[in-house]
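S.K.: Contents of run_27.cif (mmCIF, C-alpha atoms) are given next:
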data_input
#
loop_
_atom_site.group_PDB
_atom_site.id
_atom_site.type_symbol
_atom_site.label_atom_id
_atom_site.label_comp_id
_atom_site.auth_asym_id
_atom_site.auth_seq_id
_atom_site.Cartn_x
_atom_site.Cartn_y
_atom_site.Cartn_z
ATOM 1 C CA MET A 938 0.000 0.000 0.000
ATOM 2 C CA VAL A 939 1.383 3.408 -1.031
ATOM 3 C CA MET A 940 1.203 6.053 1.676
ATOM 4 C CA ARG A 941 -0.649 9.096 0.330
ATOM 5 C CA PHE A 942 0.352 11.494 3.078
ATOM 6 C CA SER A 943 3.072 12.281 5.584
ATOM 7 C CA LEU A 944 2.851 12.765 9.333
ATOM 8 C CA ARG A 945 4.143 16.281 8.827
ATOM 9 C CA GLN A 946 1.177 17.117 6.587
ATOM 10 C CA ILE A 947 -1.148 15.684 9.235
ATOM 11 C CA GLU A 948 0.560 17.747 11.928
ATOM 12 C CA TYR A 949 0.117 20.942 9.890
ATOM 13 C CA PHE A 950 -3.544 20.125 9.227
ATOM 14 C CA VAL A 951 -4.256 19.459 12.923
ATOM 15 C CA ALA A 952 -2.676 22.771 13.899
ATOM 16 C CA ALA A 953 -4.785 24.613 11.315
ATOM 17 C CA GLY A 954 -7.927 22.797 12.396
ATOM 18 C CA GLU A 955 -7.376 23.592 16.060
ATOM 19 C CA GLU A 956 -6.337 27.206 15.451
ATOM 20 C CA GLY A 957 -8.915 27.916 12.772
ATOM 21 C CA SER A 958 -6.305 29.909 10.898
ATOM 22 C CA VAL A 959 -3.369 29.214 8.602
ATOM 23 C CA LEU A 960 -1.519 32.180 10.100
ATOM 24 C CA SER A 961 -2.043 31.033 13.685
ATOM 25 C CA ALA A 962 -1.037 27.478 12.740
ATOM 26 C CA SER A 963 2.168 28.725 11.099
ATOM 27 C CA GLU A 964 3.039 30.789 14.173
ATOM 28 C CA ARG A 965 2.363 27.814 16.459
ATOM 29 C CA LEU A 966 4.568 25.528 14.365
ATOM 30 C CA ASN A 967 7.138 28.222 13.572
ATOM 31 C CA ILE A 968 6.882 27.613 9.830
ATOM 32 C CA SER A 969 5.653 29.616 6.857
ATOM 33 C CA THR A 970 1.968 30.046 6.043
ATOM 34 C CA ALA A 971 2.698 28.635 2.580
ATOM 35 C CA SER A 972 3.850 25.352 4.133
ATOM 36 C CA VAL A 973 0.598 25.004 6.060
ATOM 37 C CA SER A 974 -1.560 25.883 3.046
ATOM 38 C CA THR A 975 0.347 23.496 0.793
ATOM 39 C CA ALA A 976 0.014 20.624 3.286
ATOM 40 C CA ILE A 977 -3.758 21.121 3.514
ATOM 41 C CA SER A 978 -4.144 21.270 -0.267
ATOM 42 C CA GLN A 979 -2.051 18.109 -0.681
ATOM 43 C CA LEU A 980 -4.176 16.218 1.824
ATOM 44 C CA GLU A 981 -7.392 17.326 0.153
ATOM 45 C CA ALA A 982 -6.048 16.243 -3.244
ATOM 46 C CA ALA A 983 -4.751 12.904 -1.917
ATOM 47 C CA PHE A 984 -8.056 11.943 -0.288
ATOM 48 C CA GLY A 985 -10.458 13.710 -2.617
ATOM 49 C CA ILE A 986 -12.273 15.583 0.139
ATOM 50 C CA GLN A 987 -12.622 19.204 1.209
ATOM 51 C CA LEU A 988 -11.273 19.693 4.739
ATOM 52 C CA PHE A 989 -11.875 23.440 5.187
ATOM 53 C CA ILE A 990 -14.083 26.218 4.015
ATOM 54 C CA ARG A 991 -11.822 29.203 3.392
ATOM 55 C CA HIS A 992 -13.167 32.535 4.638
ATOM 56 C CA HIS A 993 -11.406 35.525 3.183
ATOM 57 C CA ALA A 994 -9.732 37.428 6.036
ATOM 58 C CA GLN A 995 -11.740 35.349 8.544
ATOM 59 C CA GLY A 996 -9.717 32.145 8.703
ATOM 60 C CA LEU A 997 -10.876 28.567 8.192
ATOM 61 C CA SER A 998 -13.905 26.476 9.106
ATOM 62 C CA LEU A 999 -13.777 22.692 9.150
ATOM 63 C CA THR A 1000 -16.226 20.862 6.928
ATOM 64 C CA SER A 1001 -18.079 17.833 8.311
ATOM 65 C CA GLU A 1002 -15.492 15.613 6.585
ATOM 66 C CA GLY A 1003 -12.782 17.863 8.010
ATOM 67 C CA ARG A 1004 -14.057 17.401 11.583
ATOM 68 C CA ARG A 1005 -13.954 13.598 11.218
ATOM 69 C CA PHE A 1006 -10.541 13.801 9.560
ATOM 70 C CA LEU A 1007 -9.279 15.966 12.435
ATOM 71 C CA ALA A 1008 -10.347 13.402 15.044
ATOM 72 C CA GLU A 1009 -8.635 10.565 13.142
ATOM 73 C CA SER A 1010 -5.549 12.708 12.585
ATOM 74 C CA LYS A 1011 -5.165 13.427 16.292
ATOM 75 C CA GLN A 1012 -5.428 9.724 17.030
ATOM 76 C CA LEU A 1013 -2.812 8.975 14.379
ATOM 77 C CA LEU A 1014 -0.382 11.551 15.783
ATOM 78 C CA GLY A 1015 -0.911 10.089 19.249
ATOM 79 C CA GLN A 1016 -0.061 6.623 17.979
ATOM 80 C CA ALA A 1017 3.031 7.980 16.243
ATOM 81 C CA ALA A 1018 4.134 9.628 19.494
ATOM 82 C CA ASP A 1019 3.620 6.333 21.331
ATOM 83 C CA MET A 1020 5.733 4.565 18.710
ATOM 84 C CA HIS A 1021 8.538 7.085 19.111
ATOM 85 C CA GLY A 1022 8.383 6.602 22.860
ATOM 86 C CA PHE A 1023 8.457 2.814 22.494
ATOM 87 C CA ALA A 1024 11.425 2.963 20.128
ATOM 88 C CA ASP A 1025 13.277 5.305 22.459
ATOM 89 C CA GLU A 1026 12.577 2.996 25.384
ATOM 90 C CA MET A 1027 13.798 -0.019 23.415
ATOM 91 C CA ALA A 1028 16.964 1.848 22.504
ATOM 92 C CA HIS A 1029 17.804 2.820 26.075
ATOM 93 C CA ALA A 1030 16.242 0.095 28.240
ATOM 94 C CA VAL A 1031 17.259 -3.530 28.710
ATOM 95 C CA ARG A 1032 14.058 -5.124 27.509
ATOM 96 C CA GLY A 1033 12.501 -6.669 24.440
ATOM 97 C CA PRO A 1034 13.440 -9.736 22.395
ATOM 98 C CA LEU A 1035 16.859 -11.395 22.633
ATOM 99 C CA ALA A 1036 17.701 -14.354 20.388
ATOM 100 C CA VAL A 1037 20.736 -16.247 21.698
ATOM 101 C CA GLY A 1038 22.530 -18.996 19.807
ATOM 102 C CA CYS A 1039 24.768 -21.491 21.550
ATOM 103 C CA LEU A 1040 27.163 -24.143 20.311
ATOM 104 C CA VAL A 1041 25.324 -27.408 20.797
ATOM 105 C CA VAL A 1042 28.331 -29.129 22.430
ATOM 106 C CA PHE A 1043 28.060 -27.095 25.645
ATOM 107 C CA ALA A 1044 24.564 -25.587 25.405
ATOM 108 C CA ALA A 1045 23.036 -27.902 28.024
ATOM 109 C CA ILE A 1046 25.928 -27.245 30.405
ATOM 110 C CA VAL A 1047 26.461 -23.492 30.180
ATOM 111 C CA LEU A 1048 23.340 -21.809 28.846
ATOM 112 C CA PRO A 1049 20.577 -22.616 31.393
ATOM 113 C CA SER A 1050 22.274 -21.071 34.441
ATOM 114 C CA LEU A 1051 23.639 -18.205 32.341
ATOM 115 C CA ARG A 1052 20.135 -17.464 31.079
ATOM 116 C CA ARG A 1053 18.518 -17.750 34.519
ATOM 117 C CA ALA A 1054 20.855 -15.186 36.081
ATOM 118 C CA PHE A 1055 20.366 -12.798 33.149
ATOM 119 C CA GLU A 1056 16.563 -13.034 33.216
ATOM 120 C CA VAL A 1057 16.482 -12.464 36.978
ATOM 121 C CA ALA A 1058 18.439 -9.246 36.456
ATOM 122 C CA HIS A 1059 16.418 -8.158 33.396
ATOM 123 C CA ALA A 1060 12.806 -9.258 33.722
ATOM 124 C CA GLY A 1061 11.692 -7.344 30.618
ATOM 125 C CA VAL A 1062 13.740 -9.482 28.201
ATOM 126 C CA LEU A 1063 11.930 -11.927 25.909
ATOM 127 C CA TRP A 1064 14.465 -14.748 25.489
ATOM 128 C CA SER A 1065 14.678 -17.294 22.670
ATOM 129 C CA SER A 1066 17.407 -19.911 22.164
ATOM 130 C CA THR A 1067 18.975 -21.730 19.222
ATOM 131 C CA TYR A 1068 21.388 -24.661 19.558
ATOM 132 C CA ALA A 1069 23.505 -25.504 16.523
ATOM 133 C CA ASP A 1070 26.979 -26.168 15.191
ATOM 134 C CA GLN A 1071 29.371 -23.311 14.512
ATOM 135 C CA ALA A 1072 28.653 -22.920 10.790
ATOM 136 C CA LEU A 1073 24.899 -22.655 11.328
ATOM 137 C CA LEU A 1074 25.303 -20.194 14.200
ATOM 138 C CA LEU A 1075 27.410 -17.901 12.015
ATOM 139 C CA ASP A 1076 24.832 -18.079 9.203
ATOM 140 C CA LYS A 1077 22.064 -17.172 11.641
ATOM 141 C CA LEU A 1078 24.068 -14.202 12.926
ATOM 142 C CA ARG A 1079 24.480 -12.927 9.366
ATOM 143 C CA SER A 1080 20.761 -13.291 8.610
ATOM 144 C CA ALA A 1081 19.800 -11.696 11.968
ATOM 145 C CA GLU A 1082 17.901 -14.819 13.035
ATOM 146 C CA ILE A 1083 19.918 -14.639 16.257
ATOM 147 C CA ASP A 1084 21.404 -11.573 17.950
ATOM 148 C CA VAL A 1085 24.398 -13.148 19.658
ATOM 149 C CA ALA A 1086 26.095 -16.538 19.867
ATOM 150 C CA LEU A 1087 28.119 -18.320 22.527
ATOM 151 C CA THR A 1088 30.717 -20.358 20.688
ATOM 152 C CA TYR A 1089 34.411 -21.106 20.191
ATOM 153 C CA ASP A 1090 36.990 -19.016 18.365
ATOM 154 C CA LEU A 1091 37.346 -21.592 15.588
ATOM 155 C CA ASP A 1092 37.364 -20.278 12.022
ATOM 156 C CA ILE A 1093 35.690 -16.941 12.846
ATOM 157 C CA PRO A 1094 35.232 -14.990 9.567
ATOM 158 C CA LYS A 1095 35.995 -11.288 9.213
ATOM 159 C CA ASP A 1096 32.338 -10.255 9.097
ATOM 160 C CA ILE A 1097 31.747 -11.678 12.604
ATOM 161 C CA ALA A 1098 32.980 -9.973 15.776
ATOM 162 C CA PHE A 1099 34.227 -12.358 18.454
ATOM 163 C CA GLU A 1100 35.099 -11.480 22.054
ATOM 164 C CA PRO A 1101 37.020 -14.268 23.841
ATOM 165 C CA LEU A 1102 36.086 -14.780 27.473
ATOM 166 C CA ALA A 1103 37.714 -18.020 28.649
ATOM 167 C CA ALA A 1104 40.507 -20.281 27.418
ATOM 168 C CA LEU A 1105 39.679 -24.000 27.533
ATOM 169 C CA LYS A 1106 42.650 -26.320 27.311
ATOM 170 C CA ALA A 1107 42.114 -29.817 25.963
ATOM 171 C CA HIS A 1108 42.128 -32.801 28.307
ATOM 172 C CA ALA A 1109 41.686 -36.557 28.020
ATOM 173 C CA LEU A 1110 38.381 -38.240 28.891
ATOM 174 C CA LEU A 1111 38.881 -41.763 30.228
ATOM 175 C CA ALA A 1112 36.923 -44.569 31.811
ATOM 176 C CA PRO A 1113 37.899 -45.246 35.469
ATOM 177 C CA ASP A 1114 39.468 -48.597 34.506
ATOM 178 C CA HIS A 1115 41.438 -47.193 31.573
ATOM 179 C CA PRO A 1116 45.205 -47.873 32.005
ATOM 180 C CA LEU A 1117 45.897 -44.108 32.000
ATOM 181 C CA ALA A 1118 42.980 -43.045 34.193
ATOM 182 C CA GLU A 1119 44.975 -42.690 37.396
ATOM 183 C CA ARG A 1120 47.718 -40.586 35.853
ATOM 184 C CA ARG A 1121 48.073 -36.962 36.953
ATOM 185 C CA SER A 1122 48.683 -36.031 33.322
ATOM 186 C CA VAL A 1123 49.015 -37.816 30.007
ATOM 187 C CA SER A 1124 50.747 -37.117 26.694
ATOM 188 C CA LEU A 1125 49.276 -37.263 23.221
ATOM 189 C CA ALA A 1126 51.965 -39.819 22.315
ATOM 190 C CA GLU A 1127 50.635 -42.172 24.993
ATOM 191 C CA LEU A 1128 47.058 -41.661 23.863
ATOM 192 C CA ALA A 1129 47.778 -42.031 20.146
ATOM 193 C CA GLU A 1130 48.541 -45.744 20.599
ATOM 194 C CA ARG A 1131 45.041 -46.455 21.946
ATOM 195 C CA PRO A 1132 41.537 -46.332 20.382
ATOM 196 C CA MET A 1133 40.044 -42.852 20.289
ATOM 197 C CA ILE A 1134 36.383 -41.807 20.228
ATOM 198 C CA LEU A 1135 36.483 -38.643 18.103
ATOM 199 C CA LEU A 1136 33.920 -35.871 18.500
ATOM 200 C CA ASP A 1137 32.939 -35.740 14.844
ATOM 201 C CA MET A 1138 31.514 -32.237 14.593
ATOM 202 C CA PRO A 1139 32.610 -29.481 12.197
ATOM 203 C CA LEU A 1140 35.612 -27.510 13.497
ATOM 204 C CA SER A 1141 35.752 -29.483 16.763
ATOM 205 C CA ARG A 1142 36.889 -32.509 14.772
ATOM 206 C CA GLU A 1143 39.574 -30.512 12.990
ATOM 207 C CA TYR A 1144 40.724 -28.905 16.226
ATOM 208 C CA PHE A 1145 41.327 -32.192 18.068
ATOM 209 C CA LEU A 1146 43.051 -33.794 15.090
ATOM 210 C CA SER A 1147 45.287 -30.720 14.755
ATOM 211 C CA LEU A 1148 46.654 -31.341 18.258
ATOM 212 C CA PHE A 1149 48.047 -34.676 17.117
ATOM 213 C CA GLN A 1150 49.288 -33.220 13.841
ATOM 214 C CA ALA A 1151 51.191 -30.483 15.703
ATOM 215 C CA ALA A 1152 52.916 -33.203 17.747
ATOM 216 C CA GLY A 1153 53.744 -35.244 14.624
ATOM 217 C CA LEU A 1154 51.270 -37.958 15.600
ATOM 218 C CA ALA A 1155 48.244 -39.680 14.118
ATOM 219 C CA PRO A 1156 45.510 -40.934 16.473
ATOM 220 C CA LEU A 1157 44.016 -44.416 16.227
ATOM 221 C CA ILE A 1158 40.372 -43.461 15.659
ATOM 222 C CA GLY A 1159 38.141 -46.288 16.826
ATOM 223 C CA GLU A 1160 34.837 -44.498 16.377
ATOM 224 C CA ARG A 1161 33.421 -41.127 15.386
ATOM 225 C CA VAL A 1162 30.502 -39.714 17.370
ATOM 226 C CA ALA A 1163 28.655 -36.460 16.571
ATOM 227 C CA ASP A 1164 26.846 -36.153 19.930
ATOM 228 C CA TYR A 1165 28.926 -35.045 22.915
ATOM 229 C CA HIS A 1166 26.725 -36.809 25.479
ATOM 230 C CA VAL A 1167 26.816 -40.088 23.536
ATOM 231 C CA LEU A 1168 30.596 -39.698 23.318
ATOM 232 C CA ARG A 1169 30.842 -39.390 27.115
ATOM 233 C CA SER A 1170 28.860 -42.569 27.607
ATOM 234 C CA MET A 1171 30.959 -44.402 25.019
ATOM 235 C CA VAL A 1172 34.142 -43.393 26.849
ATOM 236 C CA ALA A 1173 32.710 -44.280 30.265
ATOM 237 C CA ASN A 1174 31.874 -47.767 28.955
ATOM 238 C CA GLY A 1175 35.431 -48.374 27.842
ATOM 239 C CA PHE A 1176 35.168 -48.062 24.061
ATOM 240 C CA GLY A 1177 38.164 -45.738 24.024
ATOM 241 C CA TYR A 1178 39.432 -42.389 25.249
ATOM 242 C CA SER A 1179 38.476 -39.003 23.874
ATOM 243 C CA LEU A 1180 39.646 -35.418 24.016
ATOM 244 C CA GLY A 1181 37.534 -32.531 25.214
ATOM 245 C CA ASN A 1182 37.667 -28.920 26.353
ATOM 246 C CA ILE A 1183 34.562 -28.688 28.500
ATOM 247 C CA ARG A 1184 34.272 -30.321 31.899
ATOM 248 C CA PRO A 1185 30.775 -30.368 33.407
ATOM 249 C CA LEU A 1186 30.303 -30.115 37.155
ATOM 250 C CA SER A 1187 29.265 -33.753 37.209
ATOM 251 C CA PRO A 1188 31.763 -36.457 36.115
ATOM 252 C CA ILE A 1189 28.848 -38.801 35.483
ATOM 253 C CA ALA A 1190 27.959 -39.794 31.908
ATOM 254 C CA ALA A 1191 24.336 -39.940 30.754
ATOM 255 C CA ASP A 1192 24.088 -43.648 31.562
ATOM 256 C CA GLY A 1193 25.298 -43.140 35.134
ATOM 257 C CA LYS A 1194 28.887 -44.295 34.663
ATOM 258 C CA VAL A 1195 31.853 -42.246 35.889
ATOM 259 C CA LEU A 1196 34.446 -40.428 33.769
ATOM 260 C CA ARG A 1197 37.984 -39.344 34.531
ATOM 261 C CA PHE A 1198 39.428 -36.081 33.230
ATOM 262 C CA VAL A 1199 43.222 -35.973 32.871
ATOM 263 C CA PRO A 1200 45.236 -32.916 31.712
ATOM 264 C CA LEU A 1201 47.544 -33.152 28.696
ATOM 265 C CA THR A 1202 51.271 -32.646 29.134
ATOM 266 C CA ASP A 1203 51.618 -31.315 25.585
ATOM 267 C CA ALA A 1204 51.655 -27.562 24.975
ATOM 268 C CA HIS A 1205 48.717 -26.800 22.713
ATOM 269 C CA ARG A 1206 46.412 -24.027 21.593
ATOM 270 C CA PRO A 1207 43.308 -23.888 23.790
ATOM 271 C CA MET A 1208 39.834 -23.282 22.464
ATOM 272 C CA ARG A 1209 38.451 -19.924 23.539
ATOM 273 C CA LEU A 1210 34.846 -19.628 24.598
ATOM 274 C CA GLY A 1211 33.340 -16.251 23.794
ATOM 275 C CA VAL A 1212 30.557 -14.126 22.377
ATOM 276 C CA ALA A 1213 30.035 -13.649 18.638
ATOM 277 C CA THR A 1214 27.929 -10.937 16.990
ATOM 278 C CA ALA A 1215 27.500 -9.545 13.487
ATOM 279 C CA ARG A 1216 29.941 -6.672 12.938
ATOM 280 C CA GLU A 1217 27.484 -4.439 11.094
ATOM 281 C CA GLY A 1218 24.341 -2.803 12.329
ATOM 282 C CA TYR A 1219 22.999 -1.114 15.431
ATOM 283 C CA LYS A 1220 23.400 -3.014 18.716
ATOM 284 C CA PRO A 1221 20.409 -2.632 21.075
ATOM 285 C CA LYS A 1222 20.898 -2.244 24.806
ATOM 286 C CA VAL A 1223 19.617 -5.755 25.462
ATOM 287 C CA ILE A 1224 22.495 -7.235 23.460
ATOM 288 C CA GLU A 1225 25.032 -4.991 25.158
ATOM 289 C CA ALA A 1226 23.613 -6.049 28.537
ATOM 290 C CA PHE A 1227 23.897 -9.738 27.655
ATOM 291 C CA GLU A 1228 27.505 -9.297 26.523
ATOM 292 C CA ALA A 1229 28.288 -7.506 29.800
ATOM 293 C CA HIS A 1230 26.607 -10.345 31.720
ATOM 294 C CA CYS A 1231 28.761 -12.910 29.906
ATOM 295 C CA ARG A 1232 31.908 -10.932 30.720
ATOM 296 C CA ALA A 1233 30.923 -10.854 34.380
ATOM 297 C CA VAL A 1234 30.294 -14.587 34.795
ATOM 298 C CA ILE A 1235 32.590 -16.281 32.231
ATOM 299 C CA SER A 1236 36.354 -16.266 32.755
ATOM 300 C CA ASP A 1237 39.349 -18.580 32.770
ATOM 301 C CA ALA A 1238 38.664 -19.251 36.447
ATOM 302 C CA ALA A 1239 34.919 -19.958 36.280
ATOM 303 C CA ILE A 1240 32.279 -20.819 33.702
ATOM 304 C CA PRO A 1241 28.600 -21.458 34.575
ATOM 305 C CA GLY A 1242 27.870 -25.189 34.675
ATOM 306 C CA MET A 1243 31.520 -26.216 34.419
ATOM 307 C CA ALA A 1244 33.998 -27.538 36.963
ATOM 308 C CA PRO A 1245 37.098 -25.444 37.750
ATOM 309 C CA PRO A 1246 40.057 -25.809 35.374
ATOM 310 C CA LEU A 1247 42.222 -28.869 35.810
ATOM 311 C CA PRO A 1248 45.583 -28.249 37.499
ATOM 312 C CA GLU A 1249 48.532 -27.733 35.192
#
Reformat the file's structure so that it appears as structure tokens.

M.R.:
Amino acid sequence: MVMRFSLRQIEYFVAAGEEGSVLSASERLNISTASVSTAISQLEAAFGIQLFIRHHAQGLSLTSEGRRFLAESKQLLGQAADMHGFADEMAHAVRGPLAVGCLVVFAAIVLPSLRRAFEVAHAGVLWSSTYADQALLLDKLRSAEIDVALTYDLDIPKDIAFEPLAALKAHALLAPDHPLAERRSVSLAELAERPMILLDMPLSREYFLSLFQAAGLAPLIGERVADYHVLRSMVANGFGYSLGNIRPLSPIAADGKVLRFVPLTDAHRPMRLGVATAREGYKPKVIEAFEAHCRAVISDAAIPGMAPPLPE
């Protein structure tokens, strides 16, 4: 639908209708009389009605159509003022919709408590969540389907802004009866000789394999698993070891069996957990508040839902 008028024209008409004079309306609005007259004529032409009866040297009188049009115009200007107020409130208050994406590997561990604390502090936020792999999260940031994403610093493109918050070093996941489970630390060379359960997800897979490549090793991959919780249960049942970066508060796998977490002796690049946003566009206060919340509660020393870092 093509708009046949502007709010400015309506404002000029309302002033003329209330003042009963083009001159008085122009003085009230601090504009020229020609601007008021032109706005009225344009409205009459656009709608095909006569709004005023012009009295030479005696001002204006509203027609019956003009009186109805004046009432509707006042209502319209009121709604426009409400919209401006709403937009201003949205721009300066922490409220309104917030779409958060989270890497599926740690979404169940980190996001619930992070969300609860944020919503307690900001009751006016309308939260929605998306859980996906890294590639899909980045696509959703670009298309504005989500506002912000909690993810790793793996393969972040130039059009995405990433703020690292916590470094997560890799460790070995082992069953309690694994020959290396009681070690205080373990090397990749020792692990490479034994069957590995590989987390077979985009970027995570490449990251863990790169640790072996950097050490001049090749792991003996016994099985590839795309679900982190299934992987934990596979390890706990003795199908092989795995590597991970996240360590939930509970060492219990989904089937109730216990896991051991053992640090690596090898120097390696940690994954960095952080907040990703699209570089372009206006950032509402609700997004800024969520980023500030993440900075306050996520650090190298503590991450919601995770156990403290393993000793060096």

S.K.: For Leu1087 of chain A, which residue out of A:Ile977, A:Leu1140, A:Leu1168, A:Val1042 is the nearest one, using all atoms listed in the file?

M.R.: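 Nearest candidate to Leu1087 of chain A out of A:Ile977, A:Leu1140, A:Leu1168, A:Val1042: A:Val1042.
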
S.K.: Rank A:Arg1052, A:Arg1161, A:Arg941, A:His1108 by their smallest atom-to-atom distance to Arg1184 of chain A, using all atoms listed in the file, and report the top residue only.

M.R.: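 Using all atoms listed in the file, the shortest distance to Arg1184 of chain A belongs to A:His1108.
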
S.K.: Applying 10 Å and all atoms listed in the file, which residues near Asp1070 of chain A remain after dropping the ones on its own chain fewer than 6 positions away? List them as a list in words.

M.R.: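 Contacts, in chain order: Gly1038, Cys1039, Leu1040, Val1041, Val1042, Thr1088, Met1138, Pro1139, Leu1140 and Ser1141 of chain A.
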
S.K.: From (32.2, -13.9, 20.2), in the file's coordinates, out to 9 Å: which residues are reached, counting all atoms listed in the file? Answer as number ranges by chain.

M.R.: A: 1085-1090, 1093, 1097-1102, 1210-1214

S.K.: Counting all atoms listed in the file, which residue out of A:Ala1163, A:Gly1177, A:Pro1246, A:His1230 sits closest to Val1057 of chain A?

M.R.: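 Result for the nearest residue to Val1057 of chain A: A:His1230.
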
S.K.: Tell me which of A:Phe1227, A:Gly957, A:Pro1049, A:Asn1182 sits closest to Ala1036 of chain A, counting all atoms listed in the file.

M.R.: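 Of A:Phe1227, A:Gly957, A:Pro1049, A:Asn1182, the one nearest Ala1036 of chain A is A:Phe1227, counting all atoms listed in the file.
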
S.K.: Determine the nearest neighbour of Ala1054 of chain A from the options A:Pro1221, A:Gly1159, A:Gly996, A:Pro1241, counting only C-alpha atoms.

M.R.: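 Ranking A:Pro1221, A:Gly1159, A:Gly996, A:Pro1241 by distance to Ala1054 of chain A, first place goes to A:Pro1241.
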
S.K.: Which polymer residues, protein or nucleic acid, are no farther than 12 Å from (24.5, -5.9, 25.4), counting only C-alpha atoms, as number ranges by chain?

M.R.: A: 1028-1032, 1035-1037, 1055, 1059, 1062, 1084-1085, 1212-1214, 1219-1232

S.K.: Might I get the box with edges along x, y and z of the file that holds all atoms of segment 1099-1116 of chain A listed there, padded by 4 Å on every side, given as centre and edge lengths in Å to one decimal, as JSON?

M.R.:
{"center_x": 39.7, "center_y": -30.0, "center_z": 27.0, "size_x": 19.0, "size_y": 45.1, "size_z": 25.0}

S.K.: Using all atoms listed in the file, can you tell me which of A:Arg945, A:Pro1132, A:Phe950, A:Ser961 comes closest to Ser974 of chain A?

M.R.: A:Phe950

S.K.: Running the PyMOL selection byres ((chain A and resi 1208) around 6) on this model by hand, what would come out? Give it as a ChimeraX atom specification.

M.R.: /A:1104-1105,1207,1209

S.K.: Store the residues picked out above in a file with C-alpha atoms, as a short mmCIF file (atom, residue, chain, number, x, y, z; two decimals), in the frame of the given file.

M.R.:
data_model
loop_
_atom_site.label_atom_id
_atom_site.label_comp_id
_atom_site.auth_asym_id
_atom_site.auth_seq_id
_atom_site.Cartn_x
_atom_site.Cartn_y
_atom_site.Cartn_z
CA ALA A 1104 40.51 -20.28 27.42
CA LEU A 1105 39.68 -24.00 27.53
CA PRO A 1207 43.31 -23.89 23.79
CA ARG A 1209 38.45 -19.92 23.54
#

S.K.: Could you list, as a PDB file with C-alpha atoms, in the coordinates of the input, every residue within 9 Å of Ser1187 of chain A, counting all atoms listed in the file and ignoring same-chain residues fewer than 6 positions away?

M.R.:
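So part19.pdb came out as:
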ATOM      1  CA  VAL A1195      31.853 -42.246  35.889  1.00  0.00           C
ATOM      2  CA  MET A1243      31.520 -26.216  34.419  1.00  0.00           C
ATOM      3  CA  ALA A1244      33.998 -27.538  36.963  1.00  0.00           C
TER       4      ALA A1244
END

S.K.: What is the atom CA of Phe1145 of chain A to atom CA of Met1171 of chain A distance in Å?

M.R.: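 Between atom CA of Phe1145 of chain A and atom CA of Met1171 of chain A the gap works out to 17.5 Å.
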
S.K.: Please write the residues picked by the PyMOL selection byres ((chain A and resi 1189) around 12) on this file as a list of chain:residue names.

M.R.: A:Leu1110, A:Leu1111, A:Ala1112, A:Pro1113, A:His1166, A:Arg1169, A:Ser1170, A:Val1172, A:Ala1173, A:Asn1174, A:Arg1184, A:Pro1185, A:Leu1186, A:Ser1187, A:Pro1188, A:Ala1190, A:Ala1191, A:Asp1192, A:Gly1193, A:Lys1194, A:Val1195, A:Leu1196, A:Arg1197, A:Phe1198

S.K.: Could you list, as JSON, numbers by chain, every residue within 7 Å of Val1123 of chain A, counting all atoms listed in the file and ignoring same-chain residues fewer than 5 positions away?

M.R.: {"A": [1199, 1200, 1201, 1202]}

S.K.: One decimal, in Å: what's the spacing between atom CA of Leu1078 of chain A and atom CA of Gly1033 of chain A?

M.R.: 18.0 Å

S.K.: Using Å and a single decimal, report how far atom CA of Arg1142 of chain A sits from atom CA of Glu1130 of chain A.

M.R.: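 Distance between the two atoms: 18.6 Å.
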
S.K.: Taking the file as shown, what set of residues would the PyMOL selection byres ((chain A and resi 947) around 9) give back, as a PyMOL selection string?

M.R.: chain A and resi 942-946+948-952+976-977+980+1007+1010-1011+1013-1014
